[in-house]
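Shown next: structure-v2.pdb, containing PDB, C-alpha atoms and all ligand atoms.
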```pdb
ATOM      1  CA  MET A   1     133.142  30.775 150.296  1.00  0.00           C
ATOM      2  CA  ASN A   2     130.839  32.142 147.628  1.00  0.00           C
ATOM      3  CA  GLN A   3     127.971  29.887 146.620  1.00  0.00           C
ATOM      4  CA  GLN A   4     124.770  30.065 144.628  1.00  0.00           C
ATOM      5  CA  THR A   5     121.439  28.693 145.755  1.00  0.00           C
ATOM      6  CA  LEU A   6     118.032  28.225 144.165  1.00  0.00           C
ATOM      7  CA  ILE A   7     115.037  29.711 145.929  1.00  0.00           C
ATOM      8  CA  LEU A   8     111.422  29.128 145.030  1.00  0.00           C
ATOM      9  CA  ILE A   9     108.601  31.124 146.523  1.00  0.00           C
ATOM     10  CA  LYS A  10     105.948  28.433 146.245  1.00  0.00           C
ATOM     11  CA  PRO A  11     102.332  28.968 145.117  1.00  0.00           C
ATOM     12  CA  ASP A  12     101.016  29.419 148.684  1.00  0.00           C
ATOM     13  CA  GLY A  13     103.511  32.246 149.213  1.00  0.00           C
ATOM     14  CA  LEU A  14     102.297  33.991 146.060  1.00  0.00           C
ATOM     15  CA  LYS A  15      98.607  33.370 146.774  1.00  0.00           C
ATOM     16  CA  LYS A  16      99.006  34.785 150.296  1.00  0.00           C
ATOM     17  CA  SER A  17     100.771  37.905 148.934  1.00  0.00           C
ATOM     18  CA  LEU A  18     103.911  37.058 150.856  1.00  0.00           C
ATOM     19  CA  THR A  19     106.410  37.747 148.069  1.00  0.00           C
ATOM     20  CA  GLY A  20     107.504  41.066 149.556  1.00  0.00           C
ATOM     21  CA  ASN A  21     107.726  39.690 153.085  1.00  0.00           C
ATOM     22  CA  VAL A  22     109.806  36.715 151.948  1.00  0.00           C
ATOM     23  CA  LEU A  23     112.186  38.855 149.885  1.00  0.00           C
ATOM     24  CA  THR A  24     112.563  41.259 152.813  1.00  0.00           C
ATOM     25  CA  ARG A  25     113.472  38.380 155.128  1.00  0.00           C
ATOM     26  CA  LEU A  26     115.953  37.051 152.553  1.00  0.00           C
ATOM     27  CA  SER A  27     117.556  40.483 152.237  1.00  0.00           C
ATOM     28  CA  GLU A  28     118.826  40.032 155.817  1.00  0.00           C
ATOM     29  CA  THR A  29     121.407  37.664 154.320  1.00  0.00           C
ATOM     30  CA  LYS A  30     122.964  40.522 152.280  1.00  0.00           C
ATOM     31  CA  LEU A  31     123.310  38.071 149.392  1.00  0.00           C
ATOM     32  CA  ASP A  32     122.978  39.125 145.742  1.00  0.00           C
ATOM     33  CA  ILE A  33     120.003  38.206 143.566  1.00  0.00           C
ATOM     34  CA  VAL A  34     121.562  37.048 140.278  1.00  0.00           C
ATOM     35  CA  ALA A  35     118.456  35.611 138.545  1.00  0.00           C
ATOM     36  CA  SER A  36     114.691  35.738 138.971  1.00  0.00           C
ATOM     37  CA  LYS A  37     111.534  34.812 137.109  1.00  0.00           C
ATOM     38  CA  ILE A  38     107.892  33.817 137.480  1.00  0.00           C
ATOM     39  CA  VAL A  39     107.200  30.279 136.312  1.00  0.00           C
ATOM     40  CA  LYS A  40     104.072  28.292 135.542  1.00  0.00           C
ATOM     41  CA  VAL A  41     105.286  24.890 136.712  1.00  0.00           C
ATOM     42  CA  SER A  42     104.574  21.858 134.517  1.00  0.00           C
ATOM     43  CA  ARG A  43     104.233  18.366 135.961  1.00  0.00           C
ATOM     44  CA  GLU A  44     107.563  17.443 134.319  1.00  0.00           C
ATOM     45  CA  LEU A  45     109.371  20.348 135.962  1.00  0.00           C
ATOM     46  CA  ALA A  46     107.805  19.580 139.369  1.00  0.00           C
ATOM     47  CA  GLU A  47     108.771  15.900 139.001  1.00  0.00           C
ATOM     48  CA  GLN A  48     112.335  16.750 138.052  1.00  0.00           C
ATOM     49  CA  HIS A  49     112.644  19.259 140.879  1.00  0.00           C
ATOM     50  CA  TYR A  50     111.542  16.728 143.509  1.00  0.00           C
ATOM     51  CA  ILE A  51     112.916  13.606 141.737  1.00  0.00           C
ATOM     52  CA  MET A  52     114.742  12.545 144.926  1.00  0.00           C
ATOM     53  CA  LEU A  53     111.376  12.158 146.680  1.00  0.00           C
ATOM     54  CA  LYS A  54     109.641  10.143 143.961  1.00  0.00           C
ATOM     55  CA  ASP A  55     109.143   7.103 146.201  1.00  0.00           C
ATOM     56  CA  LYS A  56     107.582   9.047 149.083  1.00  0.00           C
ATOM     57  CA  PRO A  57     103.868   8.568 149.766  1.00  0.00           C
ATOM     58  CA  PHE A  58     103.326  12.342 149.588  1.00  0.00           C
ATOM     59  CA  PHE A  59     105.017  12.743 146.169  1.00  0.00           C
ATOM     60  CA  ASP A  60     101.861  13.241 144.121  1.00  0.00           C
ATOM     61  CA  GLU A  61     100.435  15.825 146.548  1.00  0.00           C
ATOM     62  CA  LEU A  62     103.812  17.567 146.553  1.00  0.00           C
ATOM     63  CA  LEU A  63     103.748  17.852 142.752  1.00  0.00           C
ATOM     64  CA  LYS A  64     100.212  19.253 142.793  1.00  0.00           C
ATOM     65  CA  TYR A  65     101.247  21.772 145.430  1.00  0.00           C
ATOM     66  CA  LEU A  66     104.275  22.964 143.456  1.00  0.00           C
ATOM     67  CA  MET A  67     102.214  23.132 140.258  1.00  0.00           C
ATOM     68  CA  GLY A  68      99.825  25.466 142.059  1.00  0.00           C
ATOM     69  CA  GLU A  69      96.734  23.277 142.015  1.00  0.00           C
ATOM     70  CA  TYR A  70      95.840  24.359 145.542  1.00  0.00           C
ATOM     71  CA  HIS A  71      96.655  28.055 145.230  1.00  0.00           C
ATOM     72  CA  LYS A  72      97.710  29.762 142.059  1.00  0.00           C
ATOM     73  CA  LYS A  73      99.635  28.410 139.081  1.00  0.00           C
ATOM     74  CA  LYS A  74     102.812  30.313 139.664  1.00  0.00           C
ATOM     75  CA  VAL A  75     106.133  30.112 141.427  1.00  0.00           C
ATOM     76  CA  MET A  76     108.814  32.777 141.769  1.00  0.00           C
ATOM     77  CA  ALA A  77     112.259  31.303 141.124  1.00  0.00           C
ATOM     78  CA  LEU A  78     115.423  33.135 142.161  1.00  0.00           C
ATOM     79  CA  VAL A  79     119.128  32.500 142.415  1.00  0.00           C
ATOM     80  CA  TYR A  80     120.946  34.109 145.340  1.00  0.00           C
ATOM     81  CA  TRP A  81     124.716  34.333 145.354  1.00  0.00           C
ATOM     82  CA  GLY A  82     127.336  35.187 147.975  1.00  0.00           C
ATOM     83  CA  ASP A  83     129.287  34.032 150.994  1.00  0.00           C
ATOM     84  CA  ASP A  84     127.898  30.847 152.563  1.00  0.00           C
ATOM     85  CA  ALA A  85     124.637  31.406 150.673  1.00  0.00           C
ATOM     86  CA  ILE A  86     123.192  27.909 151.109  1.00  0.00           C
ATOM     87  CA  LYS A  87     123.373  27.842 154.902  1.00  0.00           C
ATOM     88  CA  LYS A  88     122.327  31.464 155.369  1.00  0.00           C
ATOM     89  CA  VAL A  89     119.201  31.005 153.270  1.00  0.00           C
ATOM     90  CA  ARG A  90     118.242  27.637 154.792  1.00  0.00           C
ATOM     91  CA  GLN A  91     118.529  29.180 158.241  1.00  0.00           C
ATOM     92  CA  ILE A  92     116.071  31.965 157.468  1.00  0.00           C
ATOM     93  CA  CYS A  93     113.710  29.456 155.792  1.00  0.00           C
ATOM     94  CA  GLY A  94     113.520  27.217 158.880  1.00  0.00           C
ATOM     95  CA  SER A  95     112.766  23.499 159.173  1.00  0.00           C
ATOM     96  CA  THR A  96     110.957  21.528 156.473  1.00  0.00           C
ATOM     97  CA  ASN A  97     107.971  20.850 158.733  1.00  0.00           C
ATOM     98  CA  PRO A  98     106.380  24.275 159.231  1.00  0.00           C
ATOM     99  CA  GLU A  99     104.868  23.245 162.577  1.00  0.00           C
ATOM    100  CA  GLU A 100     108.341  22.434 163.886  1.00  0.00           C
ATOM    101  CA  ALA A 101     110.098  25.405 162.278  1.00  0.00           C
ATOM    102  CA  ASP A 102     111.347  28.262 164.448  1.00  0.00           C
ATOM    103  CA  PRO A 103     108.429  30.756 164.588  1.00  0.00           C
ATOM    104  CA  VAL A 104     110.819  33.519 163.552  1.00  0.00           C
ATOM    105  CA  SER A 105     111.763  31.673 160.331  1.00  0.00           C
ATOM    106  CA  ILE A 106     109.834  32.086 157.056  1.00  0.00           C
ATOM    107  CA  ARG A 107     108.303  28.617 157.272  1.00  0.00           C
ATOM    108  CA  GLY A 108     107.563  28.979 160.981  1.00  0.00           C
ATOM    109  CA  ALA A 109     105.872  32.332 160.471  1.00  0.00           C
ATOM    110  CA  TYR A 110     103.857  31.588 157.326  1.00  0.00           C
ATOM    111  CA  GLY A 111     103.706  27.822 156.711  1.00  0.00           C
ATOM    112  CA  ARG A 112     101.064  25.281 157.665  1.00  0.00           C
ATOM    113  CA  ILE A 113     100.260  21.588 157.265  1.00  0.00           C
ATOM    114  CA  THR A 114      96.934  20.959 155.573  1.00  0.00           C
ATOM    115  CA  THR A 115      94.444  18.367 156.829  1.00  0.00           C
ATOM    116  CA  LYS A 116      95.564  16.258 153.819  1.00  0.00           C
ATOM    117  CA  GLY A 117      99.099  16.336 155.220  1.00  0.00           C
ATOM    118  CA  VAL A 118     100.646  18.641 152.606  1.00  0.00           C
ATOM    119  CA  TYR A 119     103.475  20.725 154.042  1.00  0.00           C
ATOM    120  CA  GLU A 120     102.647  24.183 152.714  1.00  0.00           C
ATOM    121  CA  ASN A 121     105.972  25.664 153.693  1.00  0.00           C
ATOM    122  CA  ILE A 122     106.099  28.748 151.418  1.00  0.00           C
ATOM    123  CA  ILE A 123     109.673  28.449 150.221  1.00  0.00           C
ATOM    124  CA  HIS A 124     112.216  26.069 148.730  1.00  0.00           C
ATOM    125  CA  ALA A 125     115.962  26.538 149.148  1.00  0.00           C
ATOM    126  CA  SER A 126     118.751  24.249 147.907  1.00  0.00           C
ATOM    127  CA  ALA A 127     120.217  22.078 150.652  1.00  0.00           C
ATOM    128  CA  ASN A 128     123.811  21.716 149.390  1.00  0.00           C
ATOM    129  CA  GLU A 129     126.090  22.656 146.483  1.00  0.00           C
ATOM    130  CA  ALA A 130     125.282  19.600 144.350  1.00  0.00           C
ATOM    131  CA  GLU A 131     121.557  20.191 144.771  1.00  0.00           C
ATOM    132  CA  ALA A 132     121.976  23.899 143.987  1.00  0.00           C
ATOM    133  CA  GLU A 133     123.778  23.090 140.721  1.00  0.00           C
ATOM    134  CA  ARG A 134     121.196  20.549 139.618  1.00  0.00           C
ATOM    135  CA  GLU A 135     118.300  22.831 140.520  1.00  0.00           C
ATOM    136  CA  ILE A 136     119.685  26.058 139.048  1.00  0.00           C
ATOM    137  CA  LYS A 137     120.387  24.248 135.763  1.00  0.00           C
ATOM    138  CA  LEU A 138     116.855  22.870 135.808  1.00  0.00           C
ATOM    139  CA  TRP A 139     115.100  26.212 136.391  1.00  0.00           C
ATOM    140  CA  PHE A 140     117.374  28.648 134.549  1.00  0.00           C
ATOM    141  CA  GLN A 141     119.351  28.904 131.339  1.00  0.00           C
ATOM    142  CA  PRO A 142     122.864  30.427 131.437  1.00  0.00           C
ATOM    143  CA  ASP A 143     121.683  33.705 129.869  1.00  0.00           C
ATOM    144  CA  ASP A 144     119.048  34.116 132.620  1.00  0.00           C
ATOM    145  CA  VAL A 145     121.774  34.417 135.254  1.00  0.00           C
ATOM    146  CA  ILE A 146     123.893  37.565 135.412  1.00  0.00           C
ATOM    147  CA  ILE A 147     127.092  35.857 136.562  1.00  0.00           C
ATOM    148  CA  ASP A 148     128.920  32.814 135.181  1.00  0.00           C
ATOM    149  CA  MET A 149     128.525  30.005 137.666  1.00  0.00           C
ATOM    150  CA  TYR A 150     128.713  26.739 135.727  1.00  0.00           C
ATOM    151  CA  PRO A 151     130.320  25.914 132.360  1.00  0.00           C
ATOM    152  CA  SER A 152     128.136  26.732 129.382  1.00  0.00           C
ATOM    153  CA  LYS A 153     128.478  26.702 125.613  1.00  0.00           C
ATOM    154  CA  ILE A 154     127.157  28.851 122.790  1.00  0.00           C
ATOM    155  CA  VAL A 155     124.644  27.451 120.320  1.00  0.00           C
ATOM    156  CA  LYS A 156     123.300  29.202 117.236  1.00  0.00           C
ATOM    157  CA  ASP A 157     119.600  29.156 116.341  1.00  0.00           C
ATOM    158  CA  LYS A 158     118.235  32.455 115.047  1.00  0.00           C
ATOM    159  CA  CYS A 159     120.404  34.261 117.593  1.00  0.00           C
ATOM    160  CA  GLU A 160     123.304  33.027 119.614  1.00  0.00           C
ATOM    161  CA  ARG A 161     122.406  31.703 123.062  1.00  0.00           C
ATOM    162  CA  ARG A 162     124.076  29.712 125.773  1.00  0.00           C
ATOM    163  CA  ILE A 163     123.129  26.309 127.149  1.00  0.00           C
ATOM    164  CA  TRP A 164     124.645  24.466 130.092  1.00  0.00           C
ATOM    165  CA  ALA A 165     127.670  22.532 128.867  1.00  0.00           C
TER     166      ALA A 165
HETATM  167  P1  LIG B 201     113.289  20.852 152.271  1.00  0.00           P
HETATM  168  O1  LIG B 201     112.225  21.533 151.444  1.00  0.00           O
HETATM  169  O2  LIG B 201     113.407  21.448 153.651  1.00  0.00           O
HETATM  170  O3  LIG B 201     114.619  20.771 151.565  1.00  0.00           O
HETATM  171  P2  LIG B 201     112.897  18.032 151.619  1.00  0.00           P
HETATM  172  O4  LIG B 201     113.819  18.255 150.471  1.00  0.00           O
HETATM  173  O5  LIG B 201     113.166  16.881 152.528  1.00  0.00           O
HETATM  174  O6  LIG B 201     112.803  19.343 152.539  1.00  0.00           O
HETATM  175  O7  LIG B 201     111.405  17.851 151.072  1.00  0.00           O
HETATM  176  C1  LIG B 201     110.937  18.620 149.998  1.00  0.00           C
HETATM  177  C2  LIG B 201     109.505  19.029 150.279  1.00  0.00           C
HETATM  178  O8  LIG B 201     108.676  17.857 150.414  1.00  0.00           O
HETATM  179  C3  LIG B 201     109.319  19.809 151.559  1.00  0.00           C
HETATM  180  O9  LIG B 201     109.569  21.187 151.414  1.00  0.00           O
HETATM  181  C4  LIG B 201     107.890  19.524 151.910  1.00  0.00           C
HETATM  182  C5  LIG B 201     107.677  18.118 151.395  1.00  0.00           C
HETATM  183  N1  LIG B 201     107.806  17.140 152.475  1.00  0.00           N
HETATM  184  C6  LIG B 201     108.955  16.679 153.038  1.00  0.00           C
HETATM  185  N2  LIG B 201     108.701  15.770 154.000  1.00  0.00           N
HETATM  186  C7  LIG B 201     107.353  15.653 154.049  1.00  0.00           C
HETATM  187  C8  LIG B 201     106.436  14.868 154.840  1.00  0.00           C
HETATM  188  N3  LIG B 201     106.872  14.021 155.775  1.00  0.00           N
HETATM  189  N4  LIG B 201     105.102  15.025 154.616  1.00  0.00           N
HETATM  190  C9  LIG B 201     104.644  15.875 153.660  1.00  0.00           C
HETATM  191  N5  LIG B 201     105.454  16.641 152.887  1.00  0.00           N
HETATM  192  C10 LIG B 201     106.772  16.521 153.078  1.00  0.00           C
HETATM  193 MG    MG B 202     115.164  19.701 149.920  1.00  0.00          MG
END
```
Could I get this file's structure written as structure tokens?
Ligand code: DAT
Ligand code: MG
Amino acid sequence: MNQQTLILIKPDGLKKSLTGNVLTRLSETKLDIVASKIVKVSRELAEQHYIMLKDKPFFDELLKYLMGEYHKKKVMALVYWGDDAIKKVRQICGSTNPEEADPVSIRGAYGRITTKGVYENIIHASANEAEAEREIKLWFQPDDVIIDMYPSKIVKDKCERRIWA
């Protein structure tokens, strides 16, 4: 079944010049890239992205990490699309805890846990279809994505553009 999934190459991945390596690993999935951009992440965006974890003790550190306070203030956001995309991508990413992740996975190969306890695990990937929808709509507008994946509607400012319906 075709699915879409949100991927973020986090600030540690960009700071460590791992963008190419990560994209090469992801290309093993044979999925299609249907959207991509570089983002300077605001606190609001980081909070919304990780809203499900807002009660965790590590939430504030997690926001700072995603905002790039420890590395570089940028994230590469992508949408991958194709058969069984969510599982295929999560598999190559490896476990959340980079010390426990398979060494052959992206997180196992490149991630670390800092002495402060921040999981610097290089990459984010949506965990299920509901999460993918929420996250893609948060990071991208309909016109940023080259295929139609969720309902959208046209609004008219100076030019016509689409917003999520
Ligand atoms: P995943 O990123 O594998 O989907 P998640 O959604 O449970 O994992 O958590 C989001 C991020 O929060 C994760 O990539 C790293 C951080 N995190 C999760 N559990 C943590 C913990 N016990 N200590 C520190 N950071 C943690
Ligand atoms: Mg998650």
Worksheet item: Do you know which residues are at most 8 Å from region 113-124 of chain A counting all atoms listed in the file, after dropping those on the same chain fewer than 5 positions away, and could you put them as a PyMOL selection string?
Response: chain A and resi 6-13+58+61-62+65+93+96-99+106-107
Worksheet, complete the sentence: Between atom MG of ligand MG 202 (chain B) and CA of Ile92 (chain A) lies a distance of 14.4 Å
Worksheet item: Nearest to ligand LIG 201 (chain B) among A:His71, A:His49, A:Arg43, A:Arg162, with distances taken over all atoms listed in the file: which residue is it?
Response: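 Residue with the minimum atom-to-atom distance to ligand LIG 201 (chain B): A:His49.
With all atoms listed in the file taken into account, every residue lying no more than 9 Å from the file point (120.3, 23.1, 128.7) is included here: Lys137, Leu138, Phe140, Gln141, Pro142, Ser152, Arg162, Ile163, Trp164 and Ala165 of chain A.
Selecting all polymer residues at most 10 Å from ligand MG 202 (chain B), using only C-alpha atoms and all ligand atoms, gives His49, Tyr50, Met52, Leu53, Arg90, Thr96, His124, Ala125, Ser126, Ala127, Asn128, Glu131 and Ala132 of chain A.
Closest approach to Asp84 (chain A) among A:Glu69, A:Glu129, A:Asp102, A:Asp55 is made by A:Glu129 (distances from all atoms listed in the file).
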Kindly provide, as JSON, the centre and edge lengths (Å, one decimal) of an axis-aligned box around all atoms of ligand LIG 201 (chain B) given in the file, with 5 Å on each side.
```
{"center_x": 109.6, "center_y": 17.8, "center_z": 152.9, "size_x": 20.0, "size_y": 17.5, "size_z": 15.8}
```
Fill in: Separation of CA of Thr5 (chain A) from CA of Ala130 (chain A) in Å
10.0 Å
Fill in: Residue among A:Tyr80, A:Ser17, A:Leu23, A:Thr29 lying closest to Val145 (chain A), counting only C-alpha atoms
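Distance minimum relative to Val145 (chain A) lands on A:Tyr80.
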Env of Glu44 (chain A): 12 Å cut, atoms = all atoms listed in the file, seq-sep filter 4 positions within chain, self excluded. Answer as a PDB file with C-alpha atoms, in the coordinates of the input.
```
ATOM      1  CA  LYS A  40     104.072  28.292 135.542  1.00  0.00           C
ATOM      2  CA  GLN A  48     112.335  16.750 138.052  1.00  0.00           C
ATOM      3  CA  HIS A  49     112.644  19.259 140.879  1.00  0.00           C
ATOM      4  CA  TYR A  50     111.542  16.728 143.509  1.00  0.00           C
ATOM      5  CA  ILE A  51     112.916  13.606 141.737  1.00  0.00           C
ATOM      6  CA  LEU A  63     103.748  17.852 142.752  1.00  0.00           C
ATOM      7  CA  LYS A  64     100.212  19.253 142.793  1.00  0.00           C
ATOM      8  CA  LEU A  66     104.275  22.964 143.456  1.00  0.00           C
ATOM      9  CA  MET A  67     102.214  23.132 140.258  1.00  0.00           C
ATOM     10  CA  LEU A 138     116.855  22.870 135.808  1.00  0.00           C
ATOM     11  CA  TRP A 139     115.100  26.212 136.391  1.00  0.00           C
TER      12      TRP A 139
END
```
Discussion item. Counting all atoms listed in the file, which residue out of A:Asp144, A:Gly20, A:Pro103, A:Lys56 sits closest to Lys37 (chain A)?
Written reply: A:Asp144
Worksheet item: Written as a PyMOL selection string, what is the full residue list that the PyMOL selection byres (((chain A and resi 1) around 8) and not hetatm) yields on the file shown?
Response: chain A and resi 2-3+82-84
Worksheet, complete the sentence: Min atom-atom distance to Asp143 (chain A) from the set A:Gln91, A:Thr24, A:Ser36, A:Gln4, counting only C-alpha atoms, belongs to A:Ser36
Fill in: A:Leu18, A:Leu26, A:Ala35, A:Arg112 ranked by distance to ligand LIG 201 (chain B), top pick (using all atoms listed in the file)
A:Arg112
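Our summary of the geometry notes that CA of Met76 (chain A) is positioned 6.2 Å from CA of Val39 (chain A).
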